[in-house]
Amino acid sequence: MTNLRAKWLRRLRPSERSHSVPDTRRVYVIGDIHGRADLLVQVLNSIAADLTDRPIEEPVIIPLGDYVDRGLGSRTVLDILTAGSLPARCIALRGNHERMLLDFLAEPDRGIDWIRNGGLETLHSYGIDIRAVRRGHGYGEAAAALHAKLQPLHLGFLERTLAGCEIGDYFFCHAGVRPGIPLSDQEEDDLLWIREPFLSAKHDFGKMIVHGHTPVDRPAILHNRINIDTGAYISGKLTCLVLEGSRQTFLDTRAISAEVAAGSA
């Protein structure tokens with residue numbers, strides 16, 4: 001196995017505040033997956049290799065949500081995340097796409113928004129006939145079919161996802177936070193959906209906010225937030241941020257990808 005050490009993202013300038021996680025922790029934060037099971041496997045293999053190379057007492061994986069929709073492998077992504085074979089304990093966060101899926105199951109008539117935002121691909125991944133919903137009807141039948149096909153393991157996973165969590169000096173959520181509101185008082189709708197005024201906010205939120213939801217070409221590391229949604233479903237880049245002590249690094253999945261490709265040649 002290739003020695004997969006994490007790459008340095010940047011070095012903090014002396015004038016910058018140093019954010020950190022407890023010494024016993026290493027946190028692997030995964031950006032928006034959107035049905036790209038192939039990329040998720042690469043990232044998890046890289047995490048496993050990194051932990052073999054550099055063991056630590058309390059590793060944790062935090063996927064930031066949006067496991068489903070848009071990409072064609074939503075069901076497989078949920079299979080992977082619920083199989084019980086992840087290389088570290090997982091704290092799974094909820095994205096707006098999980099919220100839309102759960103809302104669709106509860107109120108199928110609201111399905112038009114979900115269908116327009118990648119829900120068709122999720123229905124297709126579960127083997128559900130999407131011809132009627134593509135024409136704008138049959139939402140009730142599609143919701144019933146999805147509920148029947150969703151394994152209890154998948155549904156339970158989706159229902160238990162968290163809106164946010166904190167470790168050390170970091171706060172993790174899918175989309176961002178509402179400026180001027182204490183982190184402990186944030187509304188779930190903002191944690192899952194917000195863009196502005198969060199993205200343009202300049203002030204310190206009390207903790208470094210790590211989020212996705214708004215695709216960027218490369219991870220954006222600002223003084224008050226880190227965005228790791230690199231548009232995996234269309235770009236082929238699924239980002240994994242590694243937090244250890246006061247270090248902020250990326251996990252390099254390119255080496256393992258090259259190794260897998262060489263092995264299959």
# chains A, B, ... in the order shown; residues from 1 in each chain; ligands from 1
$ residues_around --residues "range 138-151 of chain A" --least-positions-apart "2" --cutoff "10 Å" --atoms "only C-alpha atoms" --output "JSON, numbers by chain"
{"A": [75, 78, 79, 101, 102, 103, 104, 105, 106, 107, 108, 109, 110, 111, 112, 115, 122, 123, 124, 126, 127, 128, 129, 130, 131, 132, 133, 134, 135, 136, 153, 154, 155, 156, 157]}
$ write_last_selection --atoms "N, CA and C atoms" --output "CSV table (one decimal), in the first residue's frame"
chain,number,residue,atom,x,y,z
A,75,ARG,N,-27.9,4.9,-3.6
A,75,ARG,CA,-28.2,3.7,-2.8
A,75,ARG,C,-26.9,3.1,-2.4
A,78,LEU,N,-25.3,4.9,0.5
A,78,LEU,CA,-25.9,4.6,1.8
A,78,LEU,C,-25.5,3.2,2.2
A,79,ASP,N,-25.4,2.3,1.3
A,79,ASP,CA,-24.9,0.9,1.6
A,79,ASP,C,-23.5,1.0,2.3
A,101,LEU,N,-35.4,14.5,0.8
A,101,LEU,CA,-35.8,13.1,0.7
A,101,LEU,C,-36.8,12.7,1.8
A,102,LEU,N,-36.5,13.1,3.0
A,102,LEU,CA,-37.3,12.7,4.1
A,102,LEU,C,-38.7,13.5,4.0
A,103,ASP,N,-38.6,14.7,3.6
A,103,ASP,CA,-39.9,15.5,3.4
A,103,ASP,C,-40.7,14.8,2.3
A,104,PHE,N,-40.1,14.3,1.3
A,104,PHE,CA,-40.8,13.7,0.2
A,104,PHE,C,-41.5,12.4,0.7
A,105,LEU,N,-40.9,11.6,1.5
A,105,LEU,CA,-41.5,10.5,2.1
A,105,LEU,C,-42.7,10.8,3.0
A,106,ALA,N,-42.6,11.9,3.7
A,106,ALA,CA,-43.7,12.3,4.6
A,106,ALA,C,-44.8,13.0,3.8
A,107,GLU,N,-44.4,13.9,2.8
A,107,GLU,CA,-45.4,14.6,2.1
A,107,GLU,C,-45.1,14.6,0.6
A,108,PRO,N,-45.5,13.6,-0.1
A,108,PRO,CA,-45.1,13.4,-1.5
A,108,PRO,C,-45.5,14.6,-2.4
A,109,ASP,N,-46.5,15.3,-2.1
A,109,ASP,CA,-46.9,16.4,-2.9
A,109,ASP,C,-45.8,17.5,-3.0
A,110,ARG,N,-44.9,17.5,-2.0
A,110,ARG,CA,-43.8,18.4,-2.0
A,110,ARG,C,-42.6,17.9,-2.9
A,111,GLY,N,-42.8,16.8,-3.5
A,111,GLY,CA,-41.7,16.2,-4.2
A,111,GLY,C,-41.1,16.9,-5.4
A,112,ILE,N,-41.9,17.9,-6.0
A,112,ILE,CA,-41.4,18.5,-7.2
A,112,ILE,C,-40.0,19.2,-7.0
A,115,ILE,N,-37.4,16.4,-6.8
A,115,ILE,CA,-37.2,15.8,-8.1
A,115,ILE,C,-36.4,16.7,-9.0
A,122,THR,N,-31.8,9.5,-7.4
A,122,THR,CA,-32.0,8.6,-6.2
A,122,THR,C,-33.1,7.6,-6.4
A,123,LEU,N,-34.2,8.0,-6.9
A,123,LEU,CA,-35.3,7.0,-7.2
A,123,LEU,C,-34.8,5.9,-8.1
A,124,HIS,N,-34.1,6.3,-9.1
A,124,HIS,CA,-33.5,5.4,-10.1
A,124,HIS,C,-32.5,4.4,-9.5
A,126,TYR,N,-32.7,3.2,-6.6
A,126,TYR,CA,-33.4,2.1,-5.9
A,126,TYR,C,-34.3,1.3,-6.8
A,127,GLY,N,-34.2,1.5,-8.1
A,127,GLY,CA,-34.9,0.7,-9.1
A,127,GLY,C,-36.4,1.1,-9.3
A,128,ILE,N,-36.7,2.3,-9.0
A,128,ILE,CA,-38.1,2.8,-9.1
A,128,ILE,C,-38.3,3.4,-10.4
A,129,ASP,N,-39.4,3.1,-11.0
A,129,ASP,CA,-39.8,3.6,-12.3
A,129,ASP,C,-40.0,5.2,-12.2
A,130,ILE,N,-39.3,5.9,-12.9
A,130,ILE,CA,-39.3,7.4,-12.8
A,130,ILE,C,-40.1,8.1,-13.9
A,131,ARG,N,-40.7,7.3,-14.8
A,131,ARG,CA,-41.4,7.9,-15.9
A,131,ARG,C,-42.5,8.9,-15.6
A,132,ALA,N,-43.3,8.5,-14.6
A,132,ALA,CA,-44.4,9.4,-14.2
A,132,ALA,C,-43.9,10.7,-13.5
A,133,VAL,N,-43.0,10.5,-12.6
A,133,VAL,CA,-42.5,11.7,-11.9
A,133,VAL,C,-41.7,12.7,-12.8
A,134,ARG,N,-41.1,12.1,-13.9
A,134,ARG,CA,-40.5,13.0,-14.9
A,134,ARG,C,-41.5,13.9,-15.6
A,135,ARG,N,-42.7,13.4,-15.7
A,135,ARG,CA,-43.8,14.1,-16.3
A,135,ARG,C,-44.6,15.0,-15.3
A,136,GLY,N,-44.2,15.0,-14.0
A,136,GLY,CA,-44.8,15.9,-13.1
A,136,GLY,C,-46.0,15.3,-12.3
A,153,LEU,N,-32.2,0.1,7.5
A,153,LEU,CA,-30.9,0.6,7.8
A,153,LEU,C,-30.7,1.9,7.2
A,154,HIS,N,-31.1,2.1,5.9
A,154,HIS,CA,-30.9,3.3,5.2
A,154,HIS,C,-31.8,4.4,5.8
A,155,LEU,N,-33.0,4.1,6.0
A,155,LEU,CA,-34.0,5.1,6.6
A,155,LEU,C,-33.6,5.5,8.0
A,156,GLY,N,-33.2,4.6,8.8
A,156,GLY,CA,-32.7,4.9,10.1
A,156,GLY,C,-31.5,5.8,10.1
A,157,PHE,N,-30.6,5.5,9.2
A,157,PHE,CA,-29.4,6.4,9.1
A,157,PHE,C,-29.8,7.8,8.7
$ residues_around --residues "range 87-91 of chain A" --least-positions-apart "5" --cutoff "10 Å" --atoms "only C-alpha atoms" --output "ChimeraX atom specification"
/A:26-29,44-52,58-64,81-82,160-162,164-165
$ atom_distance --atom1 "CA of His213 in chain A" --atom2 "CA of His137 in chain A"
28.2 Å
$ select_by_dssp --residues "range 3-239 of chain A" --states "alpha helix (DSSP H)" --output "ChimeraX atom specification"
/A:37-53,74-82,96-106,111-114,120-125,131-134,139-149,152-160,188-193,232-235
$ residues_around --residues "Gly31 in chain A" --least-positions-apart "5" --cutoff "10 Å" --atoms "only C-alpha atoms" --output "PDB file with C-alpha atoms, in the first residue's frame"
ATOM      1  CA  LEU A  40     -16.374   7.743  -1.475  1.00  0.00           C
ATOM      2  CA  ILE A  62     -17.590  13.541   9.637  1.00  0.00           C
ATOM      3  CA  PRO A  63     -19.372  13.511   6.272  1.00  0.00           C
ATOM      4  CA  LEU A  64     -21.097  16.873   5.796  1.00  0.00           C
ATOM      5  CA  GLY A  65     -24.283  15.542   4.203  1.00  0.00           C
ATOM      6  CA  ASP A  66     -25.752  15.405   0.697  1.00  0.00           C
ATOM      7  CA  TYR A  67     -25.072  11.693   0.338  1.00  0.00           C
ATOM      8  CA  HIS A 174     -23.702  21.210   5.857  1.00  0.00           C
ATOM      9  CA  VAL A 210     -16.448  23.713   8.271  1.00  0.00           C
ATOM     10  CA  HIS A 211     -19.161  23.322   5.626  1.00  0.00           C
ATOM     11  CA  GLY A 212     -20.111  22.300   2.107  1.00  0.00           C
ATOM     12  CA  HIS A 213     -23.307  23.016   0.114  1.00  0.00           C
ATOM     13  CA  PRO A 215     -19.604  24.142  -4.768  1.00  0.00           C
ATOM     14  CA  PRO A 219     -11.473  24.152  -1.030  1.00  0.00           C
ATOM     15  CA  ASN A 227     -15.720  25.157   2.411  1.00  0.00           C
ATOM     16  CA  ILE A 228     -14.923  21.646   1.138  1.00  0.00           C
ATOM     17  CA  ASP A 229     -17.735  21.076  -1.383  1.00  0.00           C
ATOM     18  CA  THR A 230     -15.801  20.572  -4.605  1.00  0.00           C
ATOM     19  CA  GLY A 231     -18.811  19.416  -6.657  1.00  0.00           C
ATOM     20  CA  ALA A 232     -17.941  15.715  -6.614  1.00  0.00           C
ATOM     21  CA  LYS A 237     -13.265  15.609  -6.878  1.00  0.00           C
ATOM     22  CA  LEU A 238     -14.412  14.548  -3.421  1.00  0.00           C
ATOM     23  CA  THR A 239     -12.502  16.481  -0.778  1.00  0.00           C
ATOM     24  CA  CYS A 240     -11.434  15.160   2.612  1.00  0.00           C
ATOM     25  CA  LEU A 241     -10.151  17.705   5.134  1.00  0.00           C
TER      26      LEU A 241
END
$ atom_distance --atom1 "CA of Ala201 in chain A" --atom2 "CA of Asn224 in chain A"
8.6 Å
$ closest_residue --among "A:Ser235, A:Gln186, A:Asn117, A:Gln42" --to "Val216 in chain A" --atoms "only C-alpha atoms"
A:Ser235
$ select_by_dssp --residues "range 30-257 of chain A" --states "strand (DSSP E)" --output "PyMOL selection string"
chain A and resi 30+58-63+89-90+164-167+170-173+208-211+220-221+225-227+240-244+247-250
$ closest_residue --among "A:Ala175, A:Leu120, A:Leu158, A:Val21" --to "Glu244 in chain A" --atoms "only C-alpha atoms"
A:Val21
$ residues_around --residues "Ala37 in chain A" --least-positions-apart "3" --cutoff "8 Å" --atoms "only C-alpha atoms" --output "compact mmCIF listing (two decimals) with N, CA and C atoms, in the first residue's frame"
# COMPACT_ATOMS: atom_id res chain seq x y z
N ILE A 33 -21.13 14.31 -1.22
CA ILE A 33 -20.86 13.10 -2.00
C ILE A 33 -21.78 12.98 -3.20
N LEU A 40 -16.32 8.02 -2.91
CA LEU A 40 -16.37 7.74 -1.47
C LEU A 40 -15.49 6.57 -1.12
N VAL A 41 -15.50 5.52 -1.93
CA VAL A 41 -14.63 4.37 -1.67
C VAL A 41 -13.16 4.79 -1.69
N GLY A 73 -25.21 6.84 -7.84
CA GLY A 73 -24.94 5.79 -6.87
C GLY A 73 -25.44 6.08 -5.47
N SER A 74 -26.57 6.77 -5.33
CA SER A 74 -27.06 7.14 -4.00
C SER A 74 -27.28 5.92 -3.11
N THR A 76 -25.90 3.02 -3.27
CA THR A 76 -24.61 2.41 -2.93
C THR A 76 -23.89 3.24 -1.88
N VAL A 77 -23.99 4.56 -1.96
CA VAL A 77 -23.38 5.42 -0.93
C VAL A 77 -23.96 5.07 0.44
N ILE A 80 -22.66 1.82 1.75
CA ILE A 80 -21.30 1.94 2.29
C ILE A 80 -21.33 2.55 3.69
$ atom_distance --atom1 "CA of Glu188 in chain A" --atom2 "CA of Ser200 in chain A"
19.8 Å
